Amino acid sequence: MQFNLRLSQGVSKSKGLLPVVIMLLMFWSYDAGAQYHRDPWNHYGGGGGSGTVTYEGYAIVVSTDYDVPLGDLGTIYKGAPSFNLNVTNYWNDFTFNAGIGYHVYKPKADSLFYDDGAGGVGSVSYETFPVFSIYGGAAYNLQIEQGLRFYLGANLGAYYIRLGFQSNDQFGNSSSEINEQEVYIAPKFGFNIMFNNSVGVNLEGKYNFFSPSGNSQDNPRVGIVYKSYAVGLGLVIKL
């Protein structure tokens, strides 16, 4: 059995931060020059349907979701709750966000077994897999009715992770640990539901892709793409 989580120390961190910087610049460039006070339902977001909302403003979104790893990652780790904090800015039909997040995948079992390729069986034990994320995002809003909007967009940024494992087979024992930066992108969709002009909730689904940054000469893991999906709920507070 081949394990794609074997590690290399050579990682370039500067490239992975570039998309974050770009999204943050986009986010702040659309700061509201003038605030228009309209119907309470029109104080949040933007979109079509019953008319374009032109109010521009900020909100804080505190959210939690459940992140489920897929593929090879899902073979080793179980799903985990994720915690996120976003600042959002609404401009015409679009929403821009800048956020941070954190979750920790835990191994499904204390040890996994594999064929060592020479007629023997080895075992490997994985440590917990913490993930800290920083990202920017954008979405298009479609107003369904007063206080209810559907949106579709994506987040782009970086994951900062720590991987570690210990293996044992007839060829000996080995262990490895690394702190690594990974490129992160997540198509997303969801609903915003506002209860009044100040407070609402956010329902969101995401499909996450993340991959080691750098180049393949420094890091042989470059090119591996991990996947997960997440569904969650957020509290929206208008500023």
# chains A, B, ... in the order shown; residues from 1 in each chain; ligands from 1
>>> closest_atom_pairs(of="range 102-190 of chain A", to="range 87-96 of chain A", cutoff="8 Å", atoms="only C-alpha atoms", output="CSV")
residue,atom,partner,partner_atom,distance
A:Gly136,CA,A:Phe96,CA,7.5
A:Gly137,CA,A:Phe96,CA,5.7
A:Ala138,CA,A:Phe96,CA,4.5
A:Ala139,CA,A:Thr95,CA,5.2
A:Tyr140,CA,A:Phe94,CA,4.7
A:Asn141,CA,A:Asp93,CA,5.5
A:Leu142,CA,A:Asp93,CA,7.5
>>> select_by_dssp(residues="range 77-228 of chain A", states="strand (DSSP E)", output="PyMOL selection string")
chain A and resi 77-78+80-91+94-107+112-115+121-126+129-145+148-169+172-194+199-212+226-228
>>> select_by_dssp(residues="range 33-179 of chain A", states="helix (DSSP H, G or I)", output="list in words")
Pro40, Trp41, Asn42, His43, Gly71, Asp72, Leu73, Gly74, Thr75 and Ile76 of chain A
>>> closest_residue(among="A:Lys227, A:Arg162, A:Lys108, A:Lys206", to="Ser176 in chain A", atoms="only C-alpha atoms")
A:Arg162
>>> atom_distance(atom1="CA of Gly57 in chain A", atom2="CA of Val201 in chain A")
16.6 Å
>>> closest_atom_pairs(of="range 76-148 of chain A", to="range 164-174 of chain A", cutoff="10 Å", atoms="only C-alpha atoms", output="JSON lines")
{"residue": "A:Ser111", "atom": "CA", "partner": "A:Ser167", "partner_atom": "CA", "distance": 9.1}
{"residue": "A:Leu112", "atom": "CA", "partner": "A:Ser167", "partner_atom": "CA", "distance": 9.3}
{"residue": "A:Phe113", "atom": "CA", "partner": "A:Ser167", "partner_atom": "CA", "distance": 9.4}
{"residue": "A:Tyr114", "atom": "CA", "partner": "A:Asp169", "partner_atom": "CA", "distance": 9.1}
{"residue": "A:Asp115", "atom": "CA", "partner": "A:Asp169", "partner_atom": "CA", "distance": 9.1}
{"residue": "A:Asp116", "atom": "CA", "partner": "A:Asp169", "partner_atom": "CA", "distance": 6.8}
{"residue": "A:Ala118", "atom": "CA", "partner": "A:Gln170", "partner_atom": "CA", "distance": 8.8}
{"residue": "A:Gly119", "atom": "CA", "partner": "A:Gln170", "partner_atom": "CA", "distance": 9.6}
{"residue": "A:Gly120", "atom": "CA", "partner": "A:Gln170", "partner_atom": "CA", "distance": 6.8}
{"residue": "A:Val121", "atom": "CA", "partner": "A:Asp169", "partner_atom": "CA", "distance": 6.4}
{"residue": "A:Gly122", "atom": "CA", "partner": "A:Asp169", "partner_atom": "CA", "distance": 4.1}
{"residue": "A:Ser123", "atom": "CA", "partner": "A:Asn168", "partner_atom": "CA", "distance": 5.4}
{"residue": "A:Val124", "atom": "CA", "partner": "A:Ser167", "partner_atom": "CA", "distance": 4.1}
{"residue": "A:Ser125", "atom": "CA", "partner": "A:Gln166", "partner_atom": "CA", "distance": 5.3}
{"residue": "A:Tyr126", "atom": "CA", "partner": "A:Phe165", "partner_atom": "CA", "distance": 4.3}
{"residue": "A:Glu127", "atom": "CA", "partner": "A:Gly164", "partner_atom": "CA", "distance": 5.3}
{"residue": "A:Thr128", "atom": "CA", "partner": "A:Gly164", "partner_atom": "CA", "distance": 7.6}
{"residue": "A:Phe129", "atom": "CA", "partner": "A:Gly164", "partner_atom": "CA", "distance": 7.7}
>>> residues_around(residues="range 58-69 of chain A", least_positions_apart="6", cutoff="7 Å", atoms="only C-alpha atoms", output="MDAnalysis selection string")
chainID A and resid 77:90 227:239
>>> write_last_selection(atoms="N, CA and C atoms", output="mmCIF file, in the first residue's frame")
data_model
loop_
_atom_site.group_PDB
_atom_site.id
_atom_site.type_symbol
_atom_site.label_atom_id
_atom_site.label_comp_id
_atom_site.auth_asym_id
_atom_site.auth_seq_id
_atom_site.Cartn_x
_atom_site.Cartn_y
_atom_site.Cartn_z
ATOM 1 N N TYR A 77 -8.315 9.547 7.935
ATOM 2 C CA TYR A 77 -8.862 10.485 8.918
ATOM 3 C C TYR A 77 -10.386 10.542 8.856
ATOM 4 N N LYS A 78 -11.006 10.811 10.000
ATOM 5 C CA LYS A 78 -12.454 11.014 10.063
ATOM 6 C C LYS A 78 -12.770 12.506 9.987
ATOM 7 N N GLY A 79 -14.052 12.791 9.784
ATOM 8 C CA GLY A 79 -14.495 14.171 9.692
ATOM 9 C C GLY A 79 -14.294 14.920 10.993
ATOM 10 N N ALA A 80 -14.292 16.271 10.881
ATOM 11 C CA ALA A 80 -14.016 17.102 12.053
ATOM 12 C C ALA A 80 -14.818 18.397 11.987
ATOM 13 N N PRO A 81 -15.222 18.927 13.143
ATOM 14 C CA PRO A 81 -15.848 20.250 13.148
ATOM 15 C C PRO A 81 -14.820 21.321 12.808
ATOM 16 N N SER A 82 -15.268 22.318 12.054
ATOM 17 C CA SER A 82 -14.402 23.420 11.649
ATOM 18 C C SER A 82 -15.006 24.720 12.149
ATOM 19 N N PHE A 83 -14.146 25.651 12.556
ATOM 20 C CA PHE A 83 -14.585 26.938 13.086
ATOM 21 C C PHE A 83 -14.005 28.049 12.216
ATOM 22 N N ASN A 84 -14.866 29.000 11.818
ATOM 23 C CA ASN A 84 -14.462 30.033 10.874
ATOM 24 C C ASN A 84 -14.952 31.409 11.320
ATOM 25 N N LEU A 85 -14.147 32.415 10.986
ATOM 26 C CA LEU A 85 -14.512 33.810 11.242
ATOM 27 C C LEU A 85 -14.267 34.593 9.964
ATOM 28 N N ASN A 86 -15.309 35.261 9.457
ATOM 29 C CA ASN A 86 -15.202 36.041 8.226
ATOM 30 C C ASN A 86 -15.690 37.465 8.432
ATOM 31 N N VAL A 87 -15.043 38.389 7.727
ATOM 32 C CA VAL A 87 -15.557 39.744 7.558
ATOM 33 C C VAL A 87 -15.997 39.852 6.109
ATOM 34 N N THR A 88 -17.231 40.276 5.881
ATOM 35 C CA THR A 88 -17.777 40.339 4.536
ATOM 36 C C THR A 88 -18.079 41.777 4.136
ATOM 37 N N ASN A 89 -17.988 42.038 2.843
ATOM 38 C CA ASN A 89 -18.300 43.355 2.287
ATOM 39 C C ASN A 89 -19.222 43.144 1.090
ATOM 40 N N TYR A 90 -20.337 43.870 1.053
ATOM 41 C CA TYR A 90 -21.342 43.692 0.024
ATOM 42 C C TYR A 90 -21.272 44.839 -0.973
ATOM 43 N N LYS A 227 -8.970 16.321 -1.053
ATOM 44 C CA LYS A 227 -10.329 16.834 -1.186
ATOM 45 C C LYS A 227 -11.117 16.583 0.103
ATOM 46 N N SER A 228 -12.059 17.469 0.337
ATOM 47 C CA SER A 228 -13.026 17.270 1.420
ATOM 48 C C SER A 228 -14.271 18.083 1.089
ATOM 49 N N TYR A 229 -15.361 17.765 1.770
ATOM 50 C CA TYR A 229 -16.539 18.623 1.653
ATOM 51 C C TYR A 229 -16.970 19.049 3.048
ATOM 52 N N ALA A 230 -17.637 20.186 3.114
ATOM 53 C CA ALA A 230 -18.060 20.737 4.404
ATOM 54 C C ALA A 230 -19.432 21.364 4.274
ATOM 55 N N VAL A 231 -20.248 21.187 5.304
ATOM 56 C CA VAL A 231 -21.578 21.803 5.376
ATOM 57 C C VAL A 231 -21.698 22.441 6.751
ATOM 58 N N GLY A 232 -22.185 23.699 6.779
ATOM 59 C CA GLY A 232 -22.229 24.355 8.075
ATOM 60 C C GLY A 232 -23.230 25.478 8.190
ATOM 61 N N LEU A 233 -23.224 26.089 9.360
ATOM 62 C CA LEU A 233 -24.161 27.128 9.754
ATOM 63 C C LEU A 233 -23.388 28.287 10.350
ATOM 64 N N GLY A 234 -23.774 29.537 9.993
ATOM 65 C CA GLY A 234 -23.089 30.700 10.520
ATOM 66 C C GLY A 234 -24.065 31.736 11.066
ATOM 67 N N LEU A 235 -23.577 32.531 11.989
ATOM 68 C CA LEU A 235 -24.326 33.668 12.535
ATOM 69 C C LEU A 235 -23.826 34.936 11.864
ATOM 70 N N VAL A 236 -24.743 35.690 11.264
ATOM 71 C CA VAL A 236 -24.406 36.912 10.541
ATOM 72 C C VAL A 236 -24.769 38.125 11.409
ATOM 73 N N ILE A 237 -23.808 39.010 11.609
ATOM 74 C CA ILE A 237 -24.033 40.229 12.397
ATOM 75 C C ILE A 237 -23.650 41.420 11.524
ATOM 76 N N LYS A 238 -24.627 42.243 11.133
ATOM 77 C CA LYS A 238 -24.370 43.421 10.321
ATOM 78 C C LYS A 238 -23.701 44.492 11.158
ATOM 79 N N LEU A 239 -22.742 45.192 10.550
ATOM 80 C CA LEU A 239 -22.014 46.267 11.243
ATOM 81 C C LEU A 239 -22.557 47.624 10.828
#
>>> residues_around(residues="Ser211 in chain A", least_positions_apart="2", cutoff="7 Å", atoms="only C-alpha atoms", output="number ranges by chain")
A: 182-184, 209, 213, 222-226
>>> write_last_selection(atoms="all heavy atoms", output="PDB file, in the first residue's frame")
ATOM      1  N   GLU A 182      -0.190  24.777   2.038  1.00  0.00           N
ATOM      2  CA  GLU A 182      -0.848  24.209   0.878  1.00  0.00           C
ATOM      3  C   GLU A 182      -1.774  25.238   0.237  1.00  0.00           C
ATOM      4  O   GLU A 182      -2.368  26.075   0.920  1.00  0.00           O
ATOM      5  CB  GLU A 182      -1.637  22.955   1.263  1.00  0.00           C
ATOM      6  CG  GLU A 182      -0.783  21.933   2.003  1.00  0.00           C
ATOM      7  CD  GLU A 182      -1.319  20.517   1.891  1.00  0.00           C
ATOM      8  OE1 GLU A 182      -2.510  20.361   1.592  1.00  0.00           O
ATOM      9  OE2 GLU A 182      -0.525  19.583   2.115  1.00  0.00           O
ATOM     10  N   VAL A 183      -1.867  25.190  -1.080  1.00  0.00           N
ATOM     11  CA  VAL A 183      -2.800  26.033  -1.813  1.00  0.00           C
ATOM     12  C   VAL A 183      -4.217  25.499  -1.589  1.00  0.00           C
ATOM     13  O   VAL A 183      -4.448  24.284  -1.614  1.00  0.00           O
ATOM     14  CB  VAL A 183      -2.467  26.040  -3.315  1.00  0.00           C
ATOM     15  CG1 VAL A 183      -3.495  26.859  -4.091  1.00  0.00           C
ATOM     16  CG2 VAL A 183      -1.064  26.584  -3.543  1.00  0.00           C
ATOM     17  N   TYR A 184      -5.162  26.403  -1.387  1.00  0.00           N
ATOM     18  CA  TYR A 184      -6.528  26.009  -1.039  1.00  0.00           C
ATOM     19  C   TYR A 184      -7.523  26.738  -1.936  1.00  0.00           C
ATOM     20  O   TYR A 184      -7.429  27.952  -2.139  1.00  0.00           O
ATOM     21  CB  TYR A 184      -6.785  26.363   0.424  1.00  0.00           C
ATOM     22  CG  TYR A 184      -8.236  26.413   0.848  1.00  0.00           C
ATOM     23  CD1 TYR A 184      -9.013  25.266   0.848  1.00  0.00           C
ATOM     24  CD2 TYR A 184      -8.819  27.609   1.268  1.00  0.00           C
ATOM     25  CE1 TYR A 184     -10.343  25.309   1.248  1.00  0.00           C
ATOM     26  CE2 TYR A 184     -10.142  27.659   1.672  1.00  0.00           C
ATOM     27  CZ  TYR A 184     -10.902  26.512   1.652  1.00  0.00           C
ATOM     28  OH  TYR A 184     -12.211  26.554   2.038  1.00  0.00           O
ATOM     29  N   PHE A 209     -10.511  21.809  -2.108  1.00  0.00           N
ATOM     30  CA  PHE A 209      -9.341  21.224  -2.737  1.00  0.00           C
ATOM     31  C   PHE A 209      -8.102  21.858  -2.104  1.00  0.00           C
ATOM     32  O   PHE A 209      -8.047  23.086  -1.967  1.00  0.00           O
ATOM     33  CB  PHE A 209      -9.317  21.506  -4.243  1.00  0.00           C
ATOM     34  CG  PHE A 209     -10.476  20.957  -5.000  1.00  0.00           C
ATOM     35  CD1 PHE A 209     -11.639  21.701  -5.166  1.00  0.00           C
ATOM     36  CD2 PHE A 209     -10.415  19.689  -5.568  1.00  0.00           C
ATOM     37  CE1 PHE A 209     -12.712  21.204  -5.874  1.00  0.00           C
ATOM     38  CE2 PHE A 209     -11.493  19.171  -6.278  1.00  0.00           C
ATOM     39  CZ  PHE A 209     -12.640  19.927  -6.428  1.00  0.00           C
ATOM     40  N   SER A 213       2.177  23.383  -1.783  1.00  0.00           N
ATOM     41  CA  SER A 213       2.714  24.438  -2.623  1.00  0.00           C
ATOM     42  C   SER A 213       4.201  24.206  -2.866  1.00  0.00           C
ATOM     43  O   SER A 213       4.803  23.293  -2.305  1.00  0.00           O
ATOM     44  CB  SER A 213       2.490  25.803  -1.959  1.00  0.00           C
ATOM     45  OG  SER A 213       3.138  25.846  -0.700  1.00  0.00           O
ATOM     46  N   VAL A 222       4.308  17.715  -4.255  1.00  0.00           N
ATOM     47  CA  VAL A 222       3.625  18.708  -5.073  1.00  0.00           C
ATOM     48  C   VAL A 222       2.914  18.001  -6.224  1.00  0.00           C
ATOM     49  O   VAL A 222       3.492  17.149  -6.900  1.00  0.00           O
ATOM     50  CB  VAL A 222       4.625  19.755  -5.610  1.00  0.00           C
ATOM     51  CG1 VAL A 222       3.958  20.645  -6.659  1.00  0.00           C
ATOM     52  CG2 VAL A 222       5.161  20.602  -4.467  1.00  0.00           C
ATOM     53  N   GLY A 223       1.668  18.341  -6.441  1.00  0.00           N
ATOM     54  CA  GLY A 223       0.862  17.674  -7.458  1.00  0.00           C
ATOM     55  C   GLY A 223      -0.206  16.781  -6.865  1.00  0.00           C
ATOM     56  O   GLY A 223      -1.200  16.474  -7.539  1.00  0.00           O
ATOM     57  N   ILE A 224      -0.022  16.353  -5.612  1.00  0.00           N
ATOM     58  CA  ILE A 224      -1.062  15.601  -4.915  1.00  0.00           C
ATOM     59  C   ILE A 224      -2.192  16.566  -4.537  1.00  0.00           C
ATOM     60  O   ILE A 224      -1.941  17.649  -4.009  1.00  0.00           O
ATOM     61  CB  ILE A 224      -0.513  14.920  -3.653  1.00  0.00           C
ATOM     62  CG1 ILE A 224       0.565  13.897  -4.025  1.00  0.00           C
ATOM     63  CG2 ILE A 224      -1.624  14.252  -2.865  1.00  0.00           C
ATOM     64  CD1 ILE A 224       1.276  13.316  -2.828  1.00  0.00           C
ATOM     65  N   VAL A 225      -3.413  16.195  -4.828  1.00  0.00           N
ATOM     66  CA  VAL A 225      -4.560  17.035  -4.507  1.00  0.00           C
ATOM     67  C   VAL A 225      -5.454  16.293  -3.516  1.00  0.00           C
ATOM     68  O   VAL A 225      -5.908  15.178  -3.787  1.00  0.00           O
ATOM     69  CB  VAL A 225      -5.369  17.397  -5.763  1.00  0.00           C
ATOM     70  CG1 VAL A 225      -6.589  18.241  -5.392  1.00  0.00           C
ATOM     71  CG2 VAL A 225      -4.492  18.135  -6.774  1.00  0.00           C
ATOM     72  N   TYR A 226      -5.670  16.896  -2.362  1.00  0.00           N
ATOM     73  CA  TYR A 226      -6.573  16.346  -1.364  1.00  0.00           C
ATOM     74  C   TYR A 226      -7.930  17.019  -1.491  1.00  0.00           C
ATOM     75  O   TYR A 226      -8.046  18.161  -1.945  1.00  0.00           O
ATOM     76  CB  TYR A 226      -6.014  16.552   0.039  1.00  0.00           C
ATOM     77  CG  TYR A 226      -4.671  15.898   0.257  1.00  0.00           C
ATOM     78  CD1 TYR A 226      -3.535  16.668   0.493  1.00  0.00           C
ATOM     79  CD2 TYR A 226      -4.538  14.511   0.219  1.00  0.00           C
ATOM     80  CE1 TYR A 226      -2.299  16.070   0.692  1.00  0.00           C
ATOM     81  CE2 TYR A 226      -3.314  13.910   0.415  1.00  0.00           C
ATOM     82  CZ  TYR A 226      -2.190  14.696   0.651  1.00  0.00           C
ATOM     83  OH  TYR A 226      -0.982  14.097   0.835  1.00  0.00           O
TER      84      TYR A 226
END
>>> atom_distance(atom1="CA of Tyr105 in chain A", atom2="CA of Asn192 in chain A")
28.0 Å
>>> atom_distance(atom1="CA of Met194 in chain A", atom2="CA of Gly147 in chain A")
4.8 Å
>>> closest_residue(among="A:Ser133, A:Ser175, A:Asn202, A:Ser216", to="Val104 in chain A", atoms="only C-alpha atoms")
A:Ser133
>>> closest_residue(among="A:Leu163, A:Ile144, A:Ala158, A:Leu73", to="Pro130 in chain A", atoms="only C-alpha atoms")
A:Leu163
>>> decode(residues="range 65-153 of chain A", atoms="C-alpha atoms", output="mmCIF file, in the first residue's frame")
data_model
loop_
_atom_site.group_PDB
_atom_site.id
_atom_site.type_symbol
_atom_site.label_atom_id
_atom_site.label_comp_id
_atom_site.auth_asym_id
_atom_site.auth_seq_id
_atom_site.Cartn_x
_atom_site.Cartn_y
_atom_site.Cartn_z
ATOM 1 C CA ASP A 65 -19.257 23.334 9.825
ATOM 2 C CA TYR A 66 -18.442 19.655 9.581
ATOM 3 C CA ASP A 67 -15.530 18.879 7.264
ATOM 4 C CA VAL A 68 -15.321 15.356 5.802
ATOM 5 C CA PRO A 69 -12.058 14.261 4.094
ATOM 6 C CA LEU A 70 -12.296 12.217 0.887
ATOM 7 C CA GLY A 71 -10.069 9.816 -1.049
ATOM 8 C CA ASP A 72 -6.780 8.723 0.540
ATOM 9 C CA LEU A 73 -7.209 11.343 3.246
ATOM 10 C CA GLY A 74 -10.642 9.939 4.091
ATOM 11 C CA THR A 75 -9.173 6.447 4.395
ATOM 12 C CA ILE A 76 -6.959 7.633 7.251
ATOM 13 C CA TYR A 77 -8.862 10.485 8.918
ATOM 14 C CA LYS A 78 -12.454 11.014 10.063
ATOM 15 C CA GLY A 79 -14.495 14.171 9.692
ATOM 16 C CA ALA A 80 -14.016 17.102 12.053
ATOM 17 C CA PRO A 81 -15.848 20.250 13.148
ATOM 18 C CA SER A 82 -14.402 23.420 11.649
ATOM 19 C CA PHE A 83 -14.585 26.938 13.086
ATOM 20 C CA ASN A 84 -14.462 30.033 10.874
ATOM 21 C CA LEU A 85 -14.512 33.810 11.242
ATOM 22 C CA ASN A 86 -15.202 36.041 8.226
ATOM 23 C CA VAL A 87 -15.557 39.744 7.558
ATOM 24 C CA THR A 88 -17.777 40.339 4.536
ATOM 25 C CA ASN A 89 -18.300 43.355 2.287
ATOM 26 C CA TYR A 90 -21.342 43.692 0.024
ATOM 27 C CA TRP A 91 -21.064 45.478 -3.323
ATOM 28 C CA ASN A 92 -23.998 45.495 -5.739
ATOM 29 C CA ASP A 93 -24.790 41.855 -6.589
ATOM 30 C CA PHE A 94 -21.568 40.511 -5.059
ATOM 31 C CA THR A 95 -20.231 39.577 -1.648
ATOM 32 C CA PHE A 96 -16.501 39.630 -0.841
ATOM 33 C CA ASN A 97 -15.104 37.952 2.254
ATOM 34 C CA ALA A 98 -11.820 37.553 4.105
ATOM 35 C CA GLY A 99 -11.596 34.831 6.719
ATOM 36 C CA ILE A 100 -9.674 32.431 8.898
ATOM 37 C CA GLY A 101 -10.547 28.906 9.971
ATOM 38 C CA TYR A 102 -9.343 25.976 12.043
ATOM 39 C CA HIS A 103 -10.078 22.265 12.260
ATOM 40 C CA VAL A 104 -8.295 19.075 13.339
ATOM 41 C CA TYR A 105 -8.694 15.735 11.584
ATOM 42 C CA LYS A 106 -8.229 12.693 13.841
ATOM 43 C CA PRO A 107 -7.131 9.223 12.674
ATOM 44 C CA LYS A 108 -9.844 6.605 12.235
ATOM 45 C CA ALA A 109 -7.683 3.940 13.880
ATOM 46 C CA ASP A 110 -4.622 3.752 16.114
ATOM 47 C CA SER A 111 -2.731 1.819 13.405
ATOM 48 C CA LEU A 112 -3.145 0.925 9.749
ATOM 49 C CA PHE A 113 -1.475 -2.056 8.076
ATOM 50 C CA TYR A 114 0.177 -2.299 4.675
ATOM 51 C CA ASP A 115 2.099 -4.707 2.452
ATOM 52 C CA ASP A 116 5.775 -3.803 2.726
ATOM 53 C CA GLY A 117 6.462 -5.144 -0.765
ATOM 54 C CA ALA A 118 8.673 -8.016 0.394
ATOM 55 C CA GLY A 119 6.143 -10.482 1.723
ATOM 56 C CA GLY A 120 5.757 -8.794 5.092
ATOM 57 C CA VAL A 121 3.186 -6.582 6.740
ATOM 58 C CA GLY A 122 3.992 -3.198 8.217
ATOM 59 C CA SER A 123 2.014 -0.831 10.399
ATOM 60 C CA VAL A 124 1.720 2.931 10.384
ATOM 61 C CA SER A 125 0.279 5.265 13.012
ATOM 62 C CA TYR A 126 -0.822 8.776 12.057
ATOM 63 C CA GLU A 127 -0.964 11.755 14.384
ATOM 64 C CA THR A 128 -3.761 14.298 14.415
ATOM 65 C CA PHE A 129 -3.871 16.589 11.371
ATOM 66 C CA PRO A 130 -4.470 20.239 12.390
ATOM 67 C CA VAL A 131 -5.376 22.750 9.674
ATOM 68 C CA PHE A 132 -5.279 26.545 9.954
ATOM 69 C CA SER A 133 -6.698 28.389 6.946
ATOM 70 C CA ILE A 134 -6.540 31.964 5.697
ATOM 71 C CA TYR A 135 -8.485 32.907 2.593
ATOM 72 C CA GLY A 136 -10.431 35.420 0.580
ATOM 73 C CA GLY A 137 -13.601 34.806 -1.367
ATOM 74 C CA ALA A 138 -16.269 36.175 -3.653
ATOM 75 C CA ALA A 139 -19.854 35.188 -4.446
ATOM 76 C CA TYR A 140 -22.750 36.284 -6.608
ATOM 77 C CA ASN A 141 -26.062 36.811 -4.780
ATOM 78 C CA LEU A 142 -29.523 36.072 -6.141
ATOM 79 C CA GLN A 143 -32.452 37.396 -4.132
ATOM 80 C CA ILE A 144 -35.231 34.825 -3.815
ATOM 81 C CA GLU A 145 -37.547 36.884 -1.630
ATOM 82 C CA GLN A 146 -37.251 39.494 1.081
ATOM 83 C CA GLY A 147 -34.691 38.338 3.627
ATOM 84 C CA LEU A 148 -33.668 35.232 1.648
ATOM 85 C CA ARG A 149 -30.802 35.085 -0.826
ATOM 86 C CA PHE A 150 -28.974 32.291 -2.624
ATOM 87 C CA TYR A 151 -25.276 32.705 -3.473
ATOM 88 C CA LEU A 152 -22.633 30.906 -5.509
ATOM 89 C CA GLY A 153 -18.893 31.571 -5.379
#
